[in-house]
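Engineer: Provided below: work27.cif, containing mmCIF, C-alpha atoms.
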data_structure
loop_
_atom_site.label_atom_id
_atom_site.label_comp_id
_atom_site.auth_asym_id
_atom_site.auth_seq_id
_atom_site.Cartn_x
_atom_site.Cartn_y
_atom_site.Cartn_z
CA MET A 424 58.44 -22.61 -37.39
CA ASN A 425 62.20 -22.02 -37.76
CA LYS A 426 64.65 -23.66 -35.38
CA PRO A 427 65.29 -20.62 -33.13
CA GLY A 428 61.54 -20.09 -32.87
CA SER A 429 60.96 -23.74 -31.96
CA ILE A 430 63.64 -23.63 -29.29
CA ALA A 431 62.27 -20.37 -27.85
CA LEU A 432 58.72 -21.75 -27.74
CA GLY A 433 59.98 -24.93 -26.05
CA VAL A 434 61.74 -22.92 -23.36
CA TYR A 435 58.66 -20.74 -22.90
CA ARG A 436 56.44 -23.82 -22.55
CA LEU A 437 58.67 -25.23 -19.83
CA ALA A 438 58.74 -21.94 -17.91
CA ALA A 439 54.98 -21.43 -18.31
CA ALA A 440 54.23 -24.91 -16.99
CA VAL A 441 56.37 -24.29 -13.91
CA LEU A 442 54.93 -20.84 -13.16
CA ALA A 443 51.27 -21.53 -14.00
CA PRO A 444 50.25 -22.81 -10.52
CA LEU A 445 51.65 -19.65 -8.91
CA ALA A 446 49.86 -17.44 -11.45
CA GLY A 447 46.63 -19.33 -10.92
CA ARG A 448 46.78 -18.87 -7.13
CA ARG A 449 47.55 -15.19 -7.48
CA LEU A 450 44.65 -14.59 -9.87
CA GLY A 451 42.37 -16.67 -7.65
CA ARG A 452 43.20 -14.61 -4.56
CA ALA A 453 42.36 -11.43 -6.49
CA ALA A 454 38.83 -12.71 -7.11
CA GLY A 455 36.97 -11.55 -4.02
CA ASP A 456 33.63 -13.04 -5.05
CA PRO A 457 33.36 -16.70 -3.93
CA GLU A 458 31.49 -17.53 -7.15
CA LEU A 459 34.37 -16.22 -9.22
CA ARG A 460 36.93 -18.09 -7.11
CA ALA A 461 34.91 -21.26 -7.67
CA ARG A 462 35.50 -20.87 -11.41
CA ARG A 463 39.27 -21.24 -11.19
CA GLY A 464 39.04 -24.47 -13.21
CA GLU A 465 38.31 -22.37 -16.29
CA ARG A 466 41.93 -21.19 -16.22
CA ASP A 467 42.95 -24.86 -16.52
CA GLY A 468 40.71 -25.41 -19.55
CA ASP A 469 37.79 -26.92 -17.63
CA VAL A 470 35.08 -24.94 -19.43
CA PRO A 471 31.61 -25.58 -20.84
CA GLU A 472 31.64 -26.70 -24.45
CA GLY A 473 30.83 -24.42 -27.34
CA ARG A 474 31.27 -24.16 -31.08
CA GLY A 475 31.44 -21.42 -33.67
CA GLU A 476 31.60 -18.47 -31.28
CA TRP A 477 33.78 -15.46 -31.83
CA TRP A 478 36.29 -15.43 -29.00
CA LEU A 479 37.06 -11.91 -27.81
CA HIS A 480 39.81 -11.60 -25.23
CA ALA A 481 39.86 -8.45 -23.09
CA ALA A 482 42.34 -8.71 -20.25
CA SER A 483 40.67 -6.47 -17.68
CA VAL A 484 38.30 -3.55 -17.14
CA GLY A 485 39.94 -1.13 -19.56
CA GLU A 486 39.89 -3.60 -22.42
CA VAL A 487 36.28 -4.56 -21.67
CA ASN A 488 35.36 -0.87 -21.84
CA ALA A 489 37.10 -0.58 -25.21
CA ALA A 490 35.43 -3.71 -26.55
CA GLU A 491 31.84 -3.02 -25.49
CA GLY A 492 30.81 -1.17 -28.63
CA LEU A 493 32.53 -3.73 -30.84
CA ILE A 494 30.70 -6.62 -29.17
CA HIS A 495 27.33 -4.92 -29.60
CA ALA A 496 28.13 -4.20 -33.25
CA LEU A 497 29.21 -7.79 -33.91
CA LEU A 498 25.99 -9.11 -32.42
CA ALA A 499 23.91 -6.63 -34.44
CA SER A 500 25.66 -7.53 -37.69
CA ASP A 501 24.68 -11.22 -37.50
CA PRO A 502 21.64 -12.45 -35.54
CA GLU A 503 23.20 -15.92 -35.32
CA ARG A 504 26.53 -14.76 -33.93
CA ARG A 505 27.53 -15.67 -30.41
CA VAL A 506 30.52 -14.30 -28.50
CA VAL A 507 32.60 -15.73 -25.69
CA VAL A 508 34.45 -12.97 -23.84
CA THR A 509 37.46 -13.88 -21.76
CA THR A 510 39.30 -11.87 -19.15
CA LEU A 511 42.30 -12.49 -16.96
CA THR A 512 41.00 -10.55 -13.97
CA ALA A 513 37.99 -10.87 -11.72
CA THR A 514 37.23 -7.17 -12.13
CA GLY A 515 37.12 -7.69 -15.87
CA ALA A 516 34.72 -10.58 -15.35
CA ALA A 517 32.47 -8.39 -13.22
CA GLU A 518 32.39 -5.74 -15.97
CA VAL A 519 31.40 -8.32 -18.58
CA ALA A 520 28.59 -9.51 -16.30
CA ARG A 521 27.41 -5.96 -15.70
CA ARG A 522 27.41 -5.02 -19.36
CA PHE A 523 26.26 -8.28 -20.97
CA GLY A 524 24.71 -10.34 -18.18
CA ASP A 525 21.27 -10.12 -19.75
CA SER A 526 22.39 -11.36 -23.17
CA ASP A 527 21.92 -14.99 -24.10
CA ARG A 528 24.45 -14.56 -26.95
CA VAL A 529 27.40 -13.48 -24.80
CA ARG A 530 29.09 -15.61 -22.18
CA HIS A 531 32.14 -14.98 -20.05
CA LEU A 532 34.97 -17.38 -19.31
CA PHE A 533 38.31 -16.86 -17.68
CA ALA A 534 41.13 -17.15 -20.20
CA PRO A 535 43.32 -20.23 -19.86
CA LEU A 536 46.74 -19.92 -18.32
CA ASP A 537 49.19 -19.93 -21.22
CA THR A 538 50.46 -23.51 -21.03
CA ARG A 539 50.27 -26.14 -23.74
CA ARG A 540 47.96 -28.49 -21.84
CA ARG A 541 45.58 -25.83 -20.58
CA VAL A 542 45.21 -23.95 -23.85
CA ARG A 543 44.76 -27.20 -25.80
CA ARG A 544 41.97 -28.33 -23.46
CA TRP A 545 40.34 -24.89 -23.52
CA LEU A 546 40.30 -24.74 -27.32
CA ALA A 547 39.19 -28.35 -27.70
CA ARG A 548 36.09 -27.59 -25.63
CA THR A 549 35.21 -24.11 -26.91
CA ARG A 550 36.13 -24.54 -30.62
CA PRO A 551 35.89 -20.83 -31.50
CA GLU A 552 35.51 -19.57 -35.05
CA LYS A 553 37.82 -16.58 -34.63
CA LEU A 554 39.92 -14.93 -31.93
CA VAL A 555 39.88 -11.15 -31.50
CA LEU A 556 42.44 -9.73 -29.07
CA VAL A 557 41.86 -6.27 -27.61
CA GLU A 558 44.80 -3.85 -27.42
CA THR A 559 47.99 -5.82 -26.54
CA GLU A 560 47.46 -9.40 -25.46
CA ILE A 561 50.18 -11.47 -27.11
CA TRP A 562 50.33 -14.91 -25.49
CA PRO A 563 52.67 -17.28 -27.39
CA GLU A 564 50.91 -20.55 -26.55
CA MET A 565 47.45 -19.15 -27.28
CA LEU A 566 48.58 -17.86 -30.66
CA ALA A 567 50.58 -20.98 -31.54
CA GLN A 568 47.63 -23.28 -30.89
CA CYS A 569 45.17 -21.05 -32.73
CA ARG A 570 47.56 -21.10 -35.68
CA GLY A 571 47.81 -24.87 -35.48
CA ARG A 572 44.02 -25.22 -35.49
CA GLY A 573 43.51 -22.74 -38.31
CA ILE A 574 41.67 -20.22 -36.14
CA PRO A 575 42.04 -16.68 -37.57
CA VAL A 576 43.43 -14.17 -35.07
CA ALA A 577 43.02 -10.38 -35.20
CA VAL A 578 44.20 -7.68 -32.80
CA VAL A 579 41.92 -4.64 -32.55
CA SER A 580 42.67 -1.21 -31.08
CA ALA A 581 46.22 -2.57 -31.05
CA ARG A 582 48.83 -0.57 -29.24
CA LEU A 583 52.51 -1.17 -28.53
CA SER A 584 54.43 1.25 -26.35
CA GLU A 585 58.15 1.80 -26.83
CA ARG A 586 58.77 -0.13 -23.63
CA ALA A 587 56.67 -3.10 -24.76
CA PHE A 588 58.26 -2.94 -28.21
CA ALA A 589 61.72 -3.25 -26.67
CA ARG A 590 60.58 -6.26 -24.64
CA TYR A 591 59.07 -8.06 -27.63
CA ARG A 592 62.15 -7.29 -29.74
CA ARG A 593 64.38 -8.76 -27.03
CA TRP A 594 62.35 -11.99 -27.22
CA ARG A 595 61.93 -11.83 -30.98
CA ALA A 596 62.66 -15.53 -31.53
CA LEU A 597 59.63 -16.40 -29.40
CA PHE A 598 57.17 -13.78 -30.62
CA ALA A 599 58.08 -13.23 -34.27
CA PRO A 600 56.57 -16.48 -35.65
CA GLU A 601 53.25 -15.86 -33.92
CA LEU A 602 53.11 -12.18 -34.86
CA ALA A 603 53.89 -13.03 -38.48
CA ALA A 604 50.93 -15.43 -38.52
CA LEU A 605 48.35 -12.89 -37.29
CA ASP A 606 45.57 -12.26 -39.80
CA ALA A 607 45.05 -8.59 -38.95
CA VAL A 608 46.54 -6.05 -36.57
CA LEU A 609 44.33 -2.98 -36.45
CA CYS A 610 46.37 -0.28 -34.76
CA GLN A 611 45.53 2.82 -32.80
CA THR A 612 48.23 5.01 -34.35
CA PRO A 613 50.80 5.01 -37.18
CA GLY A 614 53.51 4.60 -34.54
CA ASP A 615 51.87 1.40 -33.29
CA ARG A 616 51.66 0.14 -36.87
CA ASP A 617 55.36 0.79 -37.46
CA ARG A 618 56.37 -1.00 -34.26
CA PHE A 619 54.28 -4.08 -35.11
CA ALA A 620 55.78 -4.08 -38.62
CA ALA A 621 59.29 -3.97 -37.13
CA LEU A 622 58.43 -7.08 -35.12
CA GLY A 623 57.49 -9.01 -38.24
CA VAL A 624 53.76 -8.50 -38.84
CA PRO A 625 53.31 -8.42 -42.66
CA THR A 626 52.45 -4.92 -43.85
CA ASP A 627 49.40 -6.12 -45.78
CA ARG A 628 47.88 -7.29 -42.49
CA LEU A 629 48.42 -3.97 -40.73
CA ALA A 630 46.02 -1.03 -40.71
CA VAL A 631 45.49 2.09 -38.63
CA THR A 632 41.84 2.06 -37.57
CA GLY A 633 42.02 4.14 -34.38
CA ASN A 634 41.35 3.70 -30.70
CA LEU A 635 38.05 2.04 -29.82
CA LYS A 636 38.01 3.88 -26.48
CA LEU A 637 37.81 7.15 -28.39
CA ASP A 638 34.77 5.95 -30.32
CA ALA A 639 32.33 5.96 -27.42
CA ALA A 640 28.82 6.92 -28.45
CA GLY A 641 28.62 9.15 -25.41
CA LEU A 642 28.34 8.79 -21.68
CA PRO A 643 25.54 6.67 -20.26
CA PRO A 644 22.86 8.31 -18.12
CA VAL A 645 23.90 8.99 -14.55
CA PRO A 646 22.86 5.92 -12.51
CA ALA A 647 20.16 6.59 -9.95
CA ILE A 648 22.43 5.50 -7.12
CA VAL A 649 25.06 8.07 -8.15
CA ALA A 650 22.38 10.77 -8.29
CA SER A 651 21.38 9.82 -4.74
CA TRP A 652 24.99 10.07 -3.58
CA ARG A 653 25.24 13.55 -5.06
CA ALA A 654 22.27 14.57 -2.95
CA ALA A 655 24.10 13.27 0.13
CA TRP A 656 27.02 15.65 -0.34
CA ASN A 657 24.60 18.50 -1.09
CA GLY A 658 26.46 20.66 -3.57
CA ARG A 659 29.89 20.64 -1.91
CA PRO A 660 32.94 21.25 -4.15
CA ALA A 661 33.59 17.58 -4.98
CA TRP A 662 36.40 16.04 -6.99
CA VAL A 663 36.75 12.47 -8.17
CA ALA A 664 40.03 10.57 -8.20
CA GLY A 665 39.24 7.75 -10.61
CA SER A 666 40.99 4.36 -10.88
CA THR A 667 43.49 4.80 -8.06
CA HIS A 668 46.33 2.36 -7.38
CA GLU A 669 48.58 1.63 -4.43
CA GLY A 670 50.70 4.65 -3.59
CA GLU A 671 48.31 7.15 -5.12
CA GLU A 672 45.98 7.61 -2.15
CA ALA A 673 48.90 9.12 -0.20
CA VAL A 674 49.36 11.70 -2.96
CA LEU A 675 45.62 12.41 -3.00
CA ALA A 676 45.54 12.85 0.78
CA ALA A 677 48.42 15.33 0.72
CA ALA A 678 46.68 17.28 -2.03
CA HIS A 679 43.31 17.20 -0.30
CA ARG A 680 44.71 18.57 2.96
CA GLN A 681 45.86 21.64 1.03
CA ILE A 682 42.54 21.91 -0.82
CA ARG A 683 40.67 21.59 2.47
CA ASP A 684 42.68 24.47 3.92
CA ALA A 685 41.71 26.65 0.97
CA ILE A 686 38.16 25.36 0.42
CA GLY A 687 36.80 24.23 3.75
CA ASP A 688 33.98 22.01 2.52
CA ALA A 689 35.80 20.32 -0.38
CA LEU A 690 35.09 16.59 -0.78
CA LEU A 691 37.37 13.91 -2.26
CA ILE A 692 35.67 10.92 -3.90
CA CYS A 693 38.26 8.14 -4.25
CA VAL A 694 37.46 5.26 -6.62
CA PRO A 695 40.10 2.47 -6.50
CA ARG A 696 40.73 0.72 -9.79
CA HIS A 697 40.23 -2.60 -8.02
CA PRO A 698 37.34 -2.56 -5.50
CA GLU A 699 39.11 -5.02 -3.21
CA ARG A 700 41.61 -2.23 -2.45
CA ALA A 701 38.91 -0.02 -0.92
CA GLY A 702 39.91 -0.87 2.65
CA ALA A 703 43.58 -0.10 2.01
CA ALA A 704 42.64 3.18 0.32
CA LEU A 705 40.48 4.19 3.27
CA ARG A 706 43.20 3.38 5.79
CA THR A 707 45.76 5.40 3.82
CA LEU A 708 43.51 8.45 3.66
CA GLU A 709 42.63 8.22 7.34
CA GLY A 710 46.26 7.68 8.29
CA ALA A 711 47.22 10.80 6.37
CA GLY A 712 44.79 12.94 8.33
CA VAL A 713 41.82 12.99 5.95
CA SER A 714 38.58 11.74 7.55
CA CYS A 715 37.08 9.09 5.33
CA VAL A 716 34.12 6.69 5.09
CA PRO A 717 33.07 4.03 2.58
CA ILE A 718 30.20 5.19 0.39
CA ASP A 719 27.72 2.71 1.87
CA ARG A 720 28.28 4.10 5.36
CA LEU A 721 27.71 7.65 4.19
CA THR A 722 24.36 6.83 2.59
CA ALA A 723 23.06 4.11 4.91
CA SER A 724 24.12 5.18 8.40
CA PRO A 725 21.93 7.86 9.97
CA GLY A 726 24.65 8.61 12.51
CA VAL A 727 27.11 9.83 9.86
CA ASP A 728 26.98 13.57 9.22
CA ALA A 729 28.10 14.05 5.61
CA ARG A 730 29.23 17.58 6.41
CA ASN A 731 31.98 16.18 8.64
CA VAL A 732 33.27 13.74 6.02
CA GLU A 733 36.28 14.91 4.02
CA SER A 734 36.55 11.94 1.66
CA ILE A 735 34.57 8.95 0.43
CA VAL A 736 35.84 5.65 -0.95
CA VAL A 737 33.66 4.00 -3.61
CA ASP A 738 34.12 0.23 -3.87
CA ARG A 739 31.84 -0.55 -6.81
CA LEU A 740 32.45 -1.12 -10.49
CA GLY A 741 30.66 0.59 -13.34
CA LEU A 742 29.90 3.91 -11.66
CA LEU A 743 32.98 5.98 -12.45
CA ALA A 744 31.55 7.56 -15.62
CA GLY A 745 28.51 8.72 -13.64
CA LEU A 746 30.70 10.12 -10.89
CA TYR A 747 32.75 12.05 -13.44
CA GLN A 748 29.51 13.63 -14.62
CA VAL A 749 28.19 14.74 -11.23
CA ALA A 750 31.43 15.88 -9.56
CA GLY A 751 32.92 19.29 -10.14
CA LEU A 752 36.36 18.07 -11.21
CA ALA A 753 37.97 14.77 -12.20
CA VAL A 754 41.49 13.38 -11.84
CA VAL A 755 42.37 10.26 -13.82
CA CYS A 756 44.76 8.19 -11.74
CA GLY A 757 47.06 5.31 -12.50
CA SER A 758 49.31 8.25 -13.42
CA LEU A 759 50.44 9.74 -10.11
CA VAL A 760 53.06 7.03 -9.48
CA PRO A 761 55.28 5.22 -11.99
CA GLY A 762 54.71 1.72 -13.32
CA ILE A 763 51.03 1.83 -14.32
CA GLY A 764 50.87 4.08 -17.36
CA GLY A 765 47.61 5.94 -16.83
CA HIS A 766 43.97 5.15 -17.58
CA ASN A 767 41.23 6.14 -19.98
CA LEU A 768 40.93 9.92 -20.32
CA VAL A 769 37.87 9.87 -22.56
CA GLU A 770 35.13 9.60 -19.92
CA PRO A 771 35.88 12.89 -18.11
CA ALA A 772 36.39 14.52 -21.52
CA LEU A 773 32.98 13.38 -22.72
CA ALA A 774 31.54 14.63 -19.43
CA GLY A 775 32.83 18.09 -20.31
CA LYS A 776 35.31 18.21 -17.45
CA PRO A 777 38.89 19.49 -17.54
CA VAL A 778 41.05 16.40 -17.90
CA ILE A 779 43.60 16.26 -15.07
CA THR A 780 46.17 13.51 -14.83
CA GLY A 781 49.63 12.75 -13.51
CA ARG A 782 52.88 12.61 -15.42
CA TRP A 783 53.14 8.82 -15.85
CA THR A 784 50.80 8.23 -18.80
CA GLY A 785 52.90 6.13 -21.17
CA LYS A 786 50.03 3.77 -22.01
CA GLN A 787 47.72 6.63 -22.95
CA ARG A 788 50.07 8.41 -25.35
CA GLU A 789 47.56 9.05 -28.14
CA MET A 790 44.97 10.51 -25.80
CA VAL A 791 47.54 12.61 -23.96
CA GLU A 792 48.98 14.06 -27.16
CA GLY A 793 45.54 14.76 -28.60
CA LEU A 794 44.30 16.49 -25.46
CA ARG A 795 47.50 18.52 -25.29
CA ARG A 796 47.01 19.72 -28.85
CA ALA A 797 43.43 20.63 -27.97
CA ASP A 798 44.65 22.58 -24.93
CA ALA A 799 42.32 20.46 -22.80
CA LEU A 800 44.74 18.58 -20.53
CA ILE A 801 46.37 19.48 -17.23
CA GLU A 802 49.31 17.31 -16.13
CA VAL A 803 50.62 17.46 -12.57
CA ASP A 804 53.77 16.02 -11.06
CA SER A 805 53.20 16.37 -7.31
CA ALA A 806 50.56 16.62 -4.63
CA ALA A 807 51.25 20.36 -4.38
CA ALA A 808 50.72 20.83 -8.12
CA LEU A 809 47.52 18.80 -7.98
CA ALA A 810 46.19 20.85 -5.08
CA ALA A 811 47.06 24.15 -6.76
CA THR A 812 45.34 23.05 -9.96
CA LEU A 813 42.12 22.01 -8.24
CA ILE A 814 41.98 25.11 -6.04
CA ASP A 815 42.42 27.30 -9.11
CA LEU A 816 39.77 25.50 -11.14
CA PHE A 817 37.22 25.46 -8.32
CA SER A 818 37.61 29.23 -8.05
CA ASP A 819 37.60 29.98 -11.81
CA GLU A 820 34.35 28.77 -13.34
CA GLU A 821 35.06 30.31 -16.75
CA ARG A 822 38.40 28.50 -17.14
CA ARG A 823 36.90 25.28 -15.86
CA ARG A 824 34.08 25.49 -18.41
CA ALA A 825 36.41 26.37 -21.31
CA LEU A 826 38.77 23.47 -20.57
CA GLY A 827 35.84 21.07 -20.30
CA GLU A 828 34.32 22.20 -23.58
CA ARG A 829 37.62 21.77 -25.42
CA ALA A 830 38.01 18.29 -23.91
CA ARG A 831 34.50 17.28 -24.99
CA ASP A 832 35.01 18.68 -28.51
CA TRP A 833 38.24 16.70 -28.83
CA ALA A 834 36.59 13.45 -27.68
CA GLU A 835 33.63 13.91 -30.02
CA SER A 836 35.96 14.50 -32.98
CA ARG A 837 37.79 11.19 -32.59
CA ARG A 838 34.99 8.86 -33.61
CA GLY A 839 35.16 6.37 -36.47
CA ALA A 840 37.40 3.62 -35.09
CA LEU A 841 34.51 1.20 -34.61
CA ALA A 842 33.29 1.45 -38.22
CA ARG A 843 36.83 1.04 -39.58
CA THR A 844 37.47 -1.93 -37.30
CA LEU A 845 34.26 -3.70 -38.33
CA ALA A 846 35.00 -3.16 -42.01
CA ARG A 847 38.47 -4.67 -41.66
CA LEU A 848 37.29 -7.64 -39.57
CA ALA A 849 34.75 -8.45 -42.28
CA GLN A 850 37.69 -9.04 -44.66
CA ASP A 851 39.39 -11.59 -42.44
CA PRO A 852 39.60 -15.18 -43.66
CA ARG A 853 37.26 -17.88 -42.48
CA PRO A 854 38.66 -20.78 -40.41
CA ARG A 855 41.35 -22.78 -42.16
CA GLY A 856 40.96 -26.19 -40.58
CA ASP A 857 40.76 -27.85 -37.17
CA SER A 858 44.07 -29.51 -36.46
CA ALA A 859 45.59 -29.64 -32.99
CA SER A 860 48.92 -28.11 -32.05
#
Please rewrite the model in this file as structure tokens.
Structural biologist:
Amino acid sequence: MNKPGSIALGVYRLAAAVLAPLAGRRLGRAAGDPELRARRGERDGDVPEGRGEWWLHAASVGEVNAAEGLIHALLASDPERRVVVTTLTATGAAEVARRFGDSDRVRHLFAPLDTRRRVRRWLARTRPEKLVLVETEIWPEMLAQCRGRGIPVAVVSARLSERAFARYRRWRALFAPELAALDAVLCQTPGDRDRFAALGVPTDRLAVTGNLKLDAAGLPPVPAIVASWRAAWNGRPAWVAGSTHEGEEAVLAAAHRQIRDAIGDALLICVPRHPERAGAALRTLEGAGVSCVPIDRLTASPGVDARNVESIVVDRLGLLAGLYQVAGLAVVCGSLVPGIGGHNLVEPALAGKPVITGRWTGKQREMVEGLRRADALIEVDSAAALAATLIDLFSDEERRRALGERARDWAESRRGALARTLARLAQDPRPRGDSAS
């Protein structure tokens, strides 16, 4: 490593060591499940031993969703292959358990905090064969120690927004040596490829393979519990607000009051991105004048009359795709307030629903542009615009159906990323040694 890079890494290591305890406490508090909180030692490198696994790092729920098909394909391609999946968040851990809990060839660990001591201990115990990062997870210590141990590193479904690009370029001395050492960066778009190249990734290690989220084989069957919920609201005009964040429930409440005035029996189904926010979401809706109950109370309490409920809060993971299928309309949140960047637009598209989202979708650029070109996307910039859109679509079945069909056709046409990604990963080098960094 050149001198500026060594100095930058040294400064980073000092800062990471100082901040790691705070980060660990914050991540631990976000884990509502006592069993997950009890695993906080994994972030310090205190993990069960392993050897020869492929290490796939998916930061949270969205990255786990993107990686699911890839993990299944990797397991199918080699009956001896084992995979350790790491996440940063507890919600990501819950998704891994839900999707792969029955597999004896997939295990979940929390990723180590990015300090020299923790990463070294984590790698010394797990001894992975290869590291595959999903989307944009560039941790300097993790990459430096994998490089020092000769562990090949690939980034799949790689994306780099203009904002992230500017940040990495500002800290080029720190990131450039690690990016230059990556074995493969398999990008979502040509723009992503060009930005990674500008940061120093060799062009022969770059390829455009597409977005793994767009390569879904199709929506899963509607879970039985979701079908039972649909029966509880008995054919009312229902709309789902999926993956909501702080600040968005107030926008949804303002919109729903207008929808309620126009369509008296309309029902809002609010699904917070993080289930632990369900209580805050419910209080916001109630405080804004929209009567609300948690889903369990609606279905389990005989004293609750569903006809008098104006909104429901769902505090469970893994059911959003099913809810998109059974509701009349879907709004993809994380886009109604700035600072989040939007969430996956593919699931409502595959469900044949008009894709409705807010204006702040910087992290979903490829999907947004593709859906725009397909004339299958509606973008709103206020509660009033959201209400007007939903009222119009509920009253115009033909337009609703046409938008949904165009969205589904667009999603179906974007497949192929998984096959291209697998083909490129098969070309990656084998491990190059086992030295410590």
Engineer: Which of these, A:Val441, A:Ala661, A:Val791, A:Leu566, has the shortest distance to Gly687 of chain A once you count all atoms listed in the file?
Structural biologist: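 The answer is A:Ala661, which sits nearest to Gly687 of chain A.
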Engineer: Which is closer to Glu564 of chain A than all the others in A:Val578, A:Trp477, A:Asp501, A:Gly433, using only C-alpha atoms?
Structural biologist: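 Selected residue with least distance to Glu564 of chain A: A:Gly433.
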Engineer: Pick out the closest residue to Ala490 of chain A from this set: A:Thr509, A:Ser836, A:Ser429, A:Thr626. Count all atoms listed in the file.
Structural biologist: A:Thr509
Engineer: Which one of A:Val579, A:Pro771, A:Ala520, A:Val713 sits closest to Ala846 of chain A if you count all atoms listed in the file?
Structural biologist: A:Val579
Engineer: Using atom CA of Pro660 of chain A and atom CA of Leu691 of chain A as the two end points, give the distance in Å to one decimal.
Structural biologist: 8.8 Å
Engineer: Fewer than 6 positions away in the same chain doesn't count, so skip those; otherwise give me all residues within 8 Å of Pro717 of chain A, counting all atoms listed in the file, as a list in words.
Structural biologist: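 So, after excluding close chain neighbours, the residues are Ala701, Leu705, Ile735, Val736, Val737 and Asp738 of chain A.
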Engineer: Can you turn the PyMOL selection byres ((chain A and resi 714) around 6) into a concrete residue list for this file, as number ranges by chain?
Structural biologist: A: 709, 713, 715, 732-733
Engineer: Would you translate the PyMOL selection byres ((chain A and resi 760-767) around 9) into the concrete set of residues it matches in this file, as a list of chain:residue names?
Structural biologist: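 Output of the PyMOL selection byres ((chain A and resi 760-767) around 9): A:Gly485, A:Lys636, A:Gly665, A:Ser666, A:His668, A:Glu669, A:Gly670, A:Glu671, A:Val674, A:Val755, A:Cys756, A:Gly757, A:Ser758, A:Leu759, A:Leu768, A:Val769, A:Glu770, A:Pro771, A:Thr780, A:Gly781, A:Arg782, A:Trp783, A:Thr784, A:Gly785, A:Lys786, A:Gln787, A:Met790.
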Engineer: Determine the residue membership of the PyMOL selection byres ((chain A and resi 468) around 9) for the file above and supply it as a list in words.
Structural biologist: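 What the PyMOL selection byres ((chain A and resi 468) around 9) grabs from the file is Gly464, Glu465, Arg466, Asp467, Asp469, Val470, Ala534, Pro535, Leu536, Arg540, Arg541, Val542, Arg543, Arg544, Trp545, Leu546, Ala547 and Arg548 of chain A.
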Engineer: For atom CA of Leu498 of chain A and atom CA of His480 of chain A, quote the distance in Å rounded to one decimal.
Structural biologist: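 Going from atom CA of Leu498 of chain A over to atom CA of His480 of chain A, I get 15.8 Å.
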Engineer: Would you mind listing what lies within 10 Å of Gly827 of chain A as a list in words, with all atoms listed in the file counted and same-chain residues fewer than 4 positions away left out?
Structural biologist: Leu752, Pro771, Ala772, Leu773, Ala774, Gly775, Lys776, Pro777, Val778, Ala799, Leu800, Glu821, Arg822, Arg823, Arg831, Asp832 and Trp833 of chain A
Engineer: Could you please determine the separation between atom CA of Leu809 of chain A and atom CA of Asn488 of chain A in Å, to one decimal place?
Structural biologist: 27.0 Å
Engineer: Counting only C-alpha atoms, what is within 8 Å of Pro563 of chain A, bar same-chain residues fewer than 3 positions away, as a tab-separated table (two decimals) with C-alpha atoms, keeping the file's coordinate frame?
Structural biologist:
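result02.tsv, freshly written:
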chain	number	residue	atom	x	y	z
A	432	LEU	CA	58.72	-21.75	-27.74
A	537	ASP	CA	49.19	-19.93	-21.22
A	566	LEU	CA	48.58	-17.86	-30.66
A	567	ALA	CA	50.58	-20.98	-31.54
A	597	LEU	CA	59.63	-16.40	-29.40
A	598	PHE	CA	57.17	-13.78	-30.62
A	601	GLU	CA	53.25	-15.86	-33.92
Engineer: Could you give me, as CSV, every segment 521-559 of chain A residue with an atom at most 12 Å from segment 611-619 of chain A, plus its closest atom pair and distance in Å to one decimal, counting all atoms listed in the file, rows ordered by chain then number?
Structural biologist:
residue,atom,partner,partner_atom,distance
A:Val557,CA,A:Gln611,CA,11.1
A:Glu558,CA,A:Gln611,CA,8.6
A:Thr559,CA,A:Asp615,CA,10.6
Engineer: Please determine, counting all atoms listed in the file, which residue among A:Arg824, A:Arg680, A:Arg505, A:Arg460 has the shortest atom-to-atom distance to Gly475 of chain A.
Structural biologist: A:Arg505
